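Raw contents of work.txt, compact mmCIF, C-alpha atoms and all ligand atoms:
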```
# COMPACT_ATOMS: atom_id res chain seq x y z
CA MET A 1 -62.85 -165.96 -148.94
CA VAL A 2 -61.25 -165.53 -152.37
CA LYS A 3 -57.75 -164.12 -151.91
CA ASN A 4 -54.79 -163.32 -154.18
CA LEU A 5 -54.93 -161.89 -157.67
CA LYS A 6 -54.94 -165.19 -159.55
CA ASN A 7 -57.93 -166.52 -157.62
CA ILE A 8 -59.76 -163.19 -157.80
CA LYS A 9 -59.42 -163.25 -161.61
CA LYS A 10 -60.54 -166.89 -161.77
CA ASP A 11 -63.56 -166.16 -159.62
CA LEU A 12 -64.53 -163.06 -161.65
CA LYS A 13 -64.20 -165.04 -164.88
CA SER A 14 -66.85 -167.45 -163.61
CA THR A 15 -69.22 -164.87 -162.05
CA LEU A 16 -69.16 -162.19 -164.80
CA ASP A 17 -70.29 -162.63 -168.39
CA LYS A 18 -67.60 -162.64 -171.08
CA ASP A 19 -67.90 -158.98 -172.13
CA ARG A 20 -68.00 -157.79 -168.51
CA TYR A 21 -64.88 -159.82 -167.72
CA GLU A 22 -63.07 -158.30 -170.74
CA HIS A 23 -64.17 -154.83 -169.57
CA THR A 24 -62.92 -155.64 -166.07
CA LEU A 25 -59.46 -156.56 -167.38
CA GLY A 26 -59.47 -153.38 -169.50
CA VAL A 27 -60.24 -151.25 -166.45
CA ALA A 28 -57.54 -152.98 -164.38
CA TYR A 29 -54.84 -152.44 -167.08
CA THR A 30 -55.91 -148.85 -167.74
CA ALA A 31 -55.99 -148.12 -163.99
CA MET A 32 -52.45 -149.52 -163.66
CA CYS A 33 -51.22 -147.21 -166.45
CA LEU A 34 -52.85 -144.20 -164.80
CA ALA A 35 -51.35 -145.29 -161.46
CA MET A 36 -47.88 -145.19 -163.04
CA LYS A 37 -48.51 -141.68 -164.35
CA TYR A 38 -49.98 -140.33 -161.09
CA GLU A 39 -47.70 -142.25 -158.68
CA VAL A 40 -50.37 -144.38 -157.06
CA ASP A 41 -49.80 -147.95 -155.81
CA ILE A 42 -50.06 -150.07 -158.99
CA LYS A 43 -51.27 -153.20 -157.19
CA LYS A 44 -54.05 -151.27 -155.48
CA ALA A 45 -55.13 -149.90 -158.85
CA GLU A 46 -55.15 -153.43 -160.29
CA VAL A 47 -57.26 -154.89 -157.45
CA ALA A 48 -59.72 -151.98 -157.50
CA GLY A 49 -60.00 -152.20 -161.30
CA LEU A 50 -60.58 -155.95 -161.20
CA LEU A 51 -63.25 -155.74 -158.52
CA HIS A 52 -65.05 -152.50 -159.49
CA ASP A 53 -67.89 -154.33 -161.32
CA CYS A 54 -67.86 -157.57 -159.29
CA ALA A 55 -71.60 -157.17 -158.54
CA LYS A 56 -72.57 -156.12 -162.07
CA CYS A 57 -73.92 -159.48 -163.20
CA MET A 58 -76.16 -159.98 -160.16
CA SER A 59 -79.92 -159.69 -160.70
CA ASP A 60 -81.66 -156.57 -159.38
CA GLU A 61 -83.54 -158.77 -156.87
CA LYS A 62 -80.29 -160.18 -155.53
CA LYS A 63 -78.67 -156.74 -155.26
CA LEU A 64 -81.69 -155.37 -153.37
CA LYS A 65 -81.72 -158.46 -151.14
CA LYS A 66 -78.01 -158.04 -150.32
CA CYS A 67 -78.62 -154.41 -149.34
CA ILE A 68 -81.51 -155.29 -147.05
CA GLU A 69 -79.67 -158.26 -145.51
CA HIS A 70 -76.57 -156.21 -144.74
CA ASN A 71 -78.21 -152.90 -143.83
CA LEU A 72 -76.87 -151.02 -146.83
CA SER A 73 -79.03 -147.94 -147.43
CA ILE A 74 -80.99 -147.66 -150.69
CA THR A 75 -81.75 -144.17 -152.05
CA GLU A 76 -84.92 -143.34 -154.04
CA THR A 77 -82.87 -143.17 -157.25
CA GLU A 78 -81.35 -146.57 -156.53
CA LYS A 79 -84.77 -148.03 -155.80
CA GLU A 80 -85.96 -146.84 -159.21
CA GLN A 81 -82.76 -147.84 -160.99
CA PRO A 82 -81.29 -150.79 -159.13
CA TYR A 83 -78.38 -151.12 -161.61
CA LEU A 84 -76.82 -148.23 -159.69
CA LEU A 85 -76.55 -150.54 -156.68
CA HIS A 86 -73.80 -152.64 -158.30
CA ALA A 87 -71.28 -150.11 -156.97
CA LYS A 88 -72.48 -150.25 -153.36
CA VAL A 89 -73.03 -154.03 -153.38
CA GLY A 90 -69.68 -154.46 -155.17
CA ALA A 91 -67.88 -152.54 -152.42
CA PHE A 92 -69.53 -154.80 -149.84
CA ILE A 93 -68.63 -158.00 -151.73
CA ALA A 94 -65.04 -156.79 -152.14
CA MET A 95 -64.77 -156.79 -148.34
CA ASP A 96 -66.99 -159.76 -147.57
CA LYS A 97 -66.01 -162.23 -150.29
CA TYR A 98 -62.61 -161.03 -151.50
CA GLY A 99 -61.29 -159.94 -148.10
CA ILE A 100 -60.32 -156.42 -149.16
CA ASP A 101 -59.64 -154.33 -146.06
CA ASP A 102 -58.02 -151.36 -147.75
CA MET A 103 -60.77 -148.72 -147.54
CA GLU A 104 -59.36 -146.69 -150.42
CA ILE A 105 -59.90 -149.69 -152.71
CA VAL A 106 -63.38 -150.29 -151.23
CA ASN A 107 -64.32 -146.61 -151.65
CA SER A 108 -63.08 -146.50 -155.23
CA ILE A 109 -65.49 -149.37 -156.01
CA LEU A 110 -68.28 -147.62 -154.08
CA LYS A 111 -67.83 -144.35 -155.98
CA HIS A 112 -67.06 -145.66 -159.47
CA THR A 113 -70.53 -145.13 -161.00
CA THR A 114 -71.70 -141.76 -159.65
CA GLY A 115 -68.34 -140.30 -158.67
CA SER A 116 -68.13 -138.18 -155.55
CA ARG A 117 -66.82 -134.84 -154.30
CA ASP A 118 -63.11 -134.62 -153.51
CA MET A 119 -62.06 -138.10 -154.65
CA THR A 120 -58.65 -139.55 -153.85
CA MET A 121 -56.30 -140.15 -156.79
CA LEU A 122 -57.11 -143.89 -156.77
CA GLU A 123 -60.85 -143.11 -156.80
CA LYS A 124 -60.38 -140.75 -159.74
CA ILE A 125 -58.27 -143.34 -161.55
CA ILE A 126 -60.97 -146.04 -161.27
CA TYR A 127 -63.72 -143.58 -162.25
CA VAL A 128 -61.79 -142.52 -165.35
CA ALA A 129 -60.43 -145.99 -166.29
CA ASP A 130 -63.99 -147.35 -166.25
CA TYR A 131 -64.93 -144.83 -168.95
CA ILE A 132 -61.84 -144.92 -171.20
CA GLU A 133 -60.67 -148.57 -171.09
CA PRO A 134 -59.94 -149.93 -174.60
CA ASN A 135 -63.14 -151.98 -174.98
CA ARG A 136 -65.34 -148.89 -174.60
CA SER A 137 -66.52 -147.35 -177.85
CA LYS A 138 -69.92 -145.69 -177.44
CA ALA A 139 -69.28 -142.48 -175.52
CA THR A 140 -68.69 -139.24 -177.36
CA ASN A 141 -65.29 -137.56 -177.09
CA LEU A 142 -63.50 -140.81 -176.19
CA PRO A 143 -60.25 -140.08 -178.08
CA VAL A 144 -60.02 -136.65 -176.46
CA ILE A 145 -60.84 -137.91 -172.96
CA ARG A 146 -58.38 -140.82 -173.26
CA LYS A 147 -55.53 -138.39 -173.93
CA MET A 148 -56.82 -135.91 -171.32
CA ALA A 149 -56.84 -138.64 -168.64
CA PHE A 150 -53.04 -138.82 -168.82
CA GLU A 151 -52.56 -135.04 -168.92
CA ASP A 152 -55.13 -133.56 -166.54
CA ILE A 153 -57.11 -136.09 -164.52
CA ASP A 154 -59.40 -133.54 -162.80
CA LEU A 155 -60.44 -132.17 -166.18
CA ALA A 156 -61.03 -135.75 -167.39
CA VAL A 157 -63.19 -136.48 -164.30
CA PHE A 158 -65.23 -133.32 -164.90
CA THR A 159 -65.64 -133.97 -168.63
CA ILE A 160 -66.79 -137.57 -168.02
CA MET A 161 -69.29 -136.45 -165.35
CA ASN A 162 -70.63 -133.68 -167.55
CA ASP A 163 -70.99 -135.95 -170.62
CA THR A 164 -72.62 -138.67 -168.46
CA VAL A 165 -75.20 -136.27 -166.99
CA GLU A 166 -75.98 -134.84 -170.45
CA TYR A 167 -76.42 -138.38 -171.76
CA LEU A 168 -78.68 -139.36 -168.84
CA LYS A 169 -80.81 -136.25 -169.45
CA THR A 170 -81.40 -137.26 -173.07
CA LYS A 171 -82.57 -140.67 -171.81
CA ASN A 172 -84.82 -139.06 -169.16
CA LYS A 173 -83.07 -141.02 -166.41
CA LYS A 174 -83.21 -139.92 -162.82
CA ILE A 175 -79.89 -138.47 -161.69
CA ASP A 176 -78.55 -139.43 -158.28
CA ALA A 177 -77.63 -136.70 -155.77
CA HIS A 178 -74.07 -138.09 -155.59
CA THR A 179 -73.68 -137.64 -159.34
CA LEU A 180 -74.95 -134.03 -159.23
CA ASN A 181 -72.88 -133.11 -156.17
CA ALA A 182 -69.78 -134.57 -157.75
CA LEU A 183 -70.40 -132.69 -161.01
CA GLU A 184 -70.80 -129.36 -159.19
CA TYR A 185 -67.68 -130.02 -157.11
CA TYR A 186 -65.50 -130.75 -160.16
CA ARG A 187 -67.07 -127.87 -162.13
CA ASN A 188 -65.84 -125.61 -159.30
CA VAL A 189 -62.41 -127.21 -159.30
CA ILE A 190 -62.02 -126.44 -163.01
CA GLU A 191 -63.68 -122.98 -162.84
CA SER A 192 -61.55 -121.85 -159.89
CA ARG A 193 -58.40 -122.39 -161.95
CA LYS A 194 -59.44 -119.68 -164.37
CA SER A 195 -59.50 -116.86 -161.84
O1 LIG B 1 -70.82 -150.59 -164.77
P1 LIG B 1 -70.32 -149.96 -166.04
O2 LIG B 1 -71.26 -150.17 -167.19
O3 LIG B 1 -68.94 -150.34 -166.38
O4 LIG B 1 -70.28 -148.36 -165.82
P2 LIG B 1 -70.79 -147.49 -164.59
O5 LIG B 1 -70.65 -148.23 -163.33
O6 LIG B 1 -70.10 -146.17 -164.70
O7 LIG B 1 -72.33 -147.19 -164.77
C1 LIG B 1 -73.18 -147.52 -165.76
C2 LIG B 1 -74.16 -146.41 -166.03
O8 LIG B 1 -74.58 -145.70 -164.87
C3 LIG B 1 -73.66 -145.35 -167.00
O9 LIG B 1 -74.39 -145.46 -168.22
C4 LIG B 1 -73.98 -144.03 -166.36
C5 LIG B 1 -74.97 -144.43 -165.30
N1 LIG B 1 -75.09 -143.46 -164.20
C6 LIG B 1 -74.12 -142.76 -163.56
N2 LIG B 1 -74.65 -141.92 -162.66
C7 LIG B 1 -76.00 -142.08 -162.73
C8 LIG B 1 -76.28 -143.06 -163.70
N3 LIG B 1 -77.55 -143.46 -164.00
C9 LIG B 1 -78.56 -142.85 -163.38
N4 LIG B 1 -79.81 -143.19 -163.66
N5 LIG B 1 -78.35 -141.88 -162.44
C10 LIG B 1 -77.11 -141.45 -162.08
O10 LIG B 1 -76.96 -140.58 -161.24
FE FE B 2 -69.87 -150.19 -162.94
FE FE B 3 -67.25 -150.81 -165.20
```

Spell out the structure here as structure tokens.
Amino acid sequence: MVKNLKNIKKDLKSTLDKDRYEHTLGVAYTAMCLAMKYEVDIKKAEVAGLLHDCAKCMSDEKKLKKCIEHNLSITETEKEQPYLLHAKVGAFIAMDKYGIDDMEIVNSILKHTTGSRDMTMLEKIIYVADYIEPNRSKATNLPVIRKMAFEDIDLAVFTIMNDTVEYLKTKNKKIDAHTLNALEYYRNVIESRKS
């Protein structure tokens, strides 16, 4: 069992590639800043940020094997695109290897790729921090979404989901039901403000 922040960081440095480790630190720092703004436990945000991609550098075979071994369900979309499984396998490893028993941290890792309906503030923070952390540069609208994240987090969640789905459509990628459900949920959240 790898416990305490220093050892978690050391372990991640050796299991992730260099860019992924840099991204991981970026997500942790960004999540801590958002936690300050939205009055969420800063340490929880740091741990969730550090561990959100802990399964990212595992081969697809290994991720699928982990799911089968530990009875984690695999959807059709995940079977076709096993990279999606890094969230589910990561949540499992956070508990199994890093001893995380705080389910809000575990769930924020689980939901960080597709998002979900009605996320907690910590879940929203990890979802958003993953997209806006300083090492990211490819997504459209980044400067706007970075500012928006600190002003209106629900609108930032919706904008990221919408941009992600539009991007996936251009790449002809299969979209997971969780992603679509989450997008519709947050579209309603934003729409219902207008009336
Ligand atoms: O792990 P990261 O690269 O830091 O980021 P991430 O966990 O958000 O996910 C990486 C990719 O997953 C990103 O390009 C968007 C994509 N994604 C999110 N939802 C879906 C999806 N890909 C497919 N095929 N289907 C989805 O529903
Ligand atoms: Fe990820
Ligand atoms: Fe990430």

Counting all atoms listed in the file, the residue among A:Val157, A:Met148, A:Cys57, A:Ile8 that lies closest to Asp130 in chain A is A:Val157

Please find the residues contacting ligand LIG 1 (chain B) at a distance of at most 6 Å between atoms, with all atoms listed in the file counted, and report them as an mmCIF file with C-alpha atoms, in the coordinates of the input.
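Result written to selection-v9.cif:
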```
data_model
loop_
_atom_site.group_PDB
_atom_site.id
_atom_site.type_symbol
_atom_site.label_atom_id
_atom_site.label_comp_id
_atom_site.auth_asym_id
_atom_site.auth_seq_id
_atom_site.Cartn_x
_atom_site.Cartn_y
_atom_site.Cartn_z
ATOM 1 C CA ASP A 53 -67.890 -154.330 -161.320
ATOM 2 C CA HIS A 112 -67.060 -145.660 -159.470
ATOM 3 C CA THR A 113 -70.530 -145.130 -161.000
ATOM 4 C CA THR A 114 -71.700 -141.760 -159.650
ATOM 5 C CA ASP A 130 -63.990 -147.350 -166.250
ATOM 6 C CA THR A 164 -72.620 -138.670 -168.460
ATOM 7 C CA LYS A 173 -83.070 -141.020 -166.410
ATOM 8 C CA LYS A 174 -83.210 -139.920 -162.820
ATOM 9 C CA ILE A 175 -79.890 -138.470 -161.690
ATOM 10 C CA ASP A 176 -78.550 -139.430 -158.280
ATOM 11 C CA THR A 179 -73.680 -137.640 -159.340
#
```

message = Please identify all protein, DNA and RNA residues within 10 Å of ligand FE 2 (chain B), counting all atoms listed in the file, and report them as a list in words.
response = Arg20, His23, Thr24, Leu51, His52, Asp53, Cys54, Ala55, Lys56, Tyr83, Leu84, Leu85, His86, Ala87, Lys88, Gly90, Ile109, Leu110, Lys111, His112, Thr113, Thr114, Ile126, Tyr127, Asp130 and Tyr131 of chain A

Restricting the calculation to all atoms listed in the file, which member of A:Glu151, A:Glu104, A:Asp19, A:Asp11 is positioned closest to ligand FE 3 (chain B)?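 Answer, going by the shortest atom-to-atom distance: A:Asp19.
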
> From the list A:Thr77, A:Asn4, A:Asn181, A:Thr15, which residue is nearest Arg117 in chain A when using all atoms listed in the file?
Replying inline: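 Closest candidate: A:Asn181.
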
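As for CA of Gly99 in chain A and CA of Lys3 in chain A, they are spaced 6.7 Å apart.
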
So, with only C-alpha atoms as the atoms that count, which of A:Leu122, A:Lys63, A:Ala91, A:Ala156 lies closest to Glu39 in chain A?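 So, comparing all the options, the nearest one is A:Leu122.
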
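For the choices A:Asn188, A:Asn141, A:Thr75, A:Asn135, the atom-to-atom distance to Val27 in chain A is smallest for A:Asn135 when using all atoms listed in the file.
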
**Message:** What does the structure give for the distance between CA of Tyr98 in chain A and CA of Lys124 in chain A, in Å to one decimal?
**Reply:**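 The value is 22.0 Å.
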
Query raised in the report: When distances are computed from only C-alpha atoms, which of A:Met58, A:Leu50, A:Met119, A:Ile145 shows the smallest separation from Asp163 in chain A?
Result: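 Looking only at the distances to Asp163 in chain A, the closest residue turns out to be A:Ile145.
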
Separating CA of Asn172 in chain A from CA of Glu61 in chain A, to the nearest tenth of an Å, is a gap of 23.3 Å

Centre, edges in Å (one decimal): axis-aligned box, range 29-32 of chain A, 4 Å padding on all six sides, as JSON:
```
{"center_x": -54.2, "center_y": -150.3, "center_z": -165.7, "size_x": 11.5, "size_y": 12.3, "size_z": 12.1}
```

**Report entry** Selection near Lys65 in chain A, 12 Å with all atoms listed in the file, sequence-local residues under 4 positions removed, as an NGL selection string
**Finding:** :A and (58-61 or 69-74 or 79 or 82 or 85 or 89)

### Message
Residues proximal to (-52.6, -152.3, -165.7) were defined as those with any atom within 12 Å of that point in the file's coordinates, counting only C-alpha atoms. Which are they, as an MDAnalysis selection string?
### Response
chainID A and resid 24:37 40:50 125:126 129 133:134

Can you give me N, CA and C atoms for range 155-180 of chain A, written as a JSON list (two decimals), in the coordinates of the input?
```json
[["chain", "number", "residue", "atom", "x", "y", "z"],
["A", 155, "LEU", "N", -59.66, -132.60, -165.01],
["A", 155, "LEU", "CA", -60.44, -132.17, -166.18],
["A", 155, "LEU", "C", -61.12, -133.39, -166.83],
["A", 156, "ALA", "N", -60.44, -134.53, -166.84],
["A", 156, "ALA", "CA", -61.03, -135.75, -167.39],
["A", 156, "ALA", "C", -62.23, -136.18, -166.54],
["A", 157, "VAL", "N", -62.08, -136.12, -165.20],
["A", 157, "VAL", "CA", -63.19, -136.48, -164.30],
["A", 157, "VAL", "C", -64.39, -135.57, -164.58],
["A", 158, "PHE", "N", -64.14, -134.27, -164.65],
["A", 158, "PHE", "CA", -65.23, -133.32, -164.90],
["A", 158, "PHE", "C", -65.89, -133.57, -166.25],
["A", 159, "THR", "N", -65.09, -133.78, -167.28],
["A", 159, "THR", "CA", -65.64, -133.97, -168.63],
["A", 159, "THR", "C", -66.49, -135.24, -168.69],
["A", 160, "ILE", "N", -66.03, -136.31, -168.04],
["A", 160, "ILE", "CA", -66.79, -137.57, -168.02],
["A", 160, "ILE", "C", -68.11, -137.37, -167.28],
["A", 161, "MET", "N", -68.06, -136.69, -166.13],
["A", 161, "MET", "CA", -69.29, -136.45, -165.35],
["A", 161, "MET", "C", -70.28, -135.62, -166.16],
["A", 162, "ASN", "N", -69.78, -134.57, -166.78],
["A", 162, "ASN", "CA", -70.63, -133.68, -167.55],
["A", 162, "ASN", "C", -71.27, -134.44, -168.73],
["A", 163, "ASP", "N", -70.46, -135.18, -169.47],
["A", 163, "ASP", "CA", -70.99, -135.95, -170.62],
["A", 163, "ASP", "C", -71.99, -137.00, -170.14],
["A", 164, "THR", "N", -71.71, -137.63, -168.98],
["A", 164, "THR", "CA", -72.62, -138.67, -168.46],
["A", 164, "THR", "C", -73.97, -138.05, -168.10],
["A", 165, "VAL", "N", -73.94, -136.92, -167.40],
["A", 165, "VAL", "CA", -75.20, -136.27, -166.99],
["A", 165, "VAL", "C", -75.98, -135.81, -168.23],
["A", 166, "GLU", "N", -75.29, -135.26, -169.21],
["A", 166, "GLU", "CA", -75.98, -134.84, -170.45],
["A", 166, "GLU", "C", -76.62, -136.04, -171.13],
["A", 167, "TYR", "N", -75.89, -137.16, -171.16],
["A", 167, "TYR", "CA", -76.42, -138.38, -171.76],
["A", 167, "TYR", "C", -77.64, -138.89, -170.99],
["A", 168, "LEU", "N", -77.56, -138.89, -169.66],
["A", 168, "LEU", "CA", -78.68, -139.36, -168.84],
["A", 168, "LEU", "C", -79.91, -138.49, -169.04],
["A", 169, "LYS", "N", -79.69, -137.17, -169.21],
["A", 169, "LYS", "CA", -80.81, -136.25, -169.45],
["A", 169, "LYS", "C", -81.53, -136.62, -170.75],
["A", 170, "THR", "N", -80.75, -136.93, -171.79],
["A", 170, "THR", "CA", -81.40, -137.26, -173.07],
["A", 170, "THR", "C", -82.22, -138.55, -172.95],
["A", 171, "LYS", "N", -81.85, -139.40, -172.00],
["A", 171, "LYS", "CA", -82.57, -140.67, -171.81],
["A", 171, "LYS", "C", -83.66, -140.54, -170.74],
["A", 172, "ASN", "N", -83.84, -139.30, -170.23],
["A", 172, "ASN", "CA", -84.82, -139.06, -169.16],
["A", 172, "ASN", "C", -84.62, -139.93, -167.93],
["A", 173, "LYS", "N", -83.36, -140.20, -167.59],
["A", 173, "LYS", "CA", -83.07, -141.02, -166.41],
["A", 173, "LYS", "C", -82.93, -140.13, -165.19],
["A", 174, "LYS", "N", -83.32, -140.66, -164.06],
["A", 174, "LYS", "CA", -83.21, -139.92, -162.82],
["A", 174, "LYS", "C", -81.72, -139.83, -162.42],
["A", 175, "ILE", "N", -81.31, -138.64, -162.03],
["A", 175, "ILE", "CA", -79.89, -138.47, -161.69],
["A", 175, "ILE", "C", -79.71, -138.44, -160.18],
["A", 176, "ASP", "N", -78.79, -139.27, -159.71],
["A", 176, "ASP", "CA", -78.55, -139.43, -158.28],
["A", 176, "ASP", "C", -77.90, -138.16, -157.69],
["A", 177, "ALA", "N", -78.21, -137.88, -156.43],
["A", 177, "ALA", "CA", -77.63, -136.70, -155.77],
["A", 177, "ALA", "C", -76.10, -136.76, -155.74],
["A", 178, "HIS", "N", -75.54, -137.96, -155.59],
["A", 178, "HIS", "CA", -74.07, -138.09, -155.59],
["A", 178, "HIS", "C", -73.48, -137.63, -156.92],
["A", 179, "THR", "N", -74.15, -138.01, -158.00],
["A", 179, "THR", "CA", -73.68, -137.64, -159.34],
["A", 179, "THR", "C", -73.71, -136.11, -159.50],
["A", 180, "LEU", "N", -74.82, -135.48, -159.08],
["A", 180, "LEU", "CA", -74.95, -134.03, -159.23],
["A", 180, "LEU", "C", -73.98, -133.28, -158.34]]
```
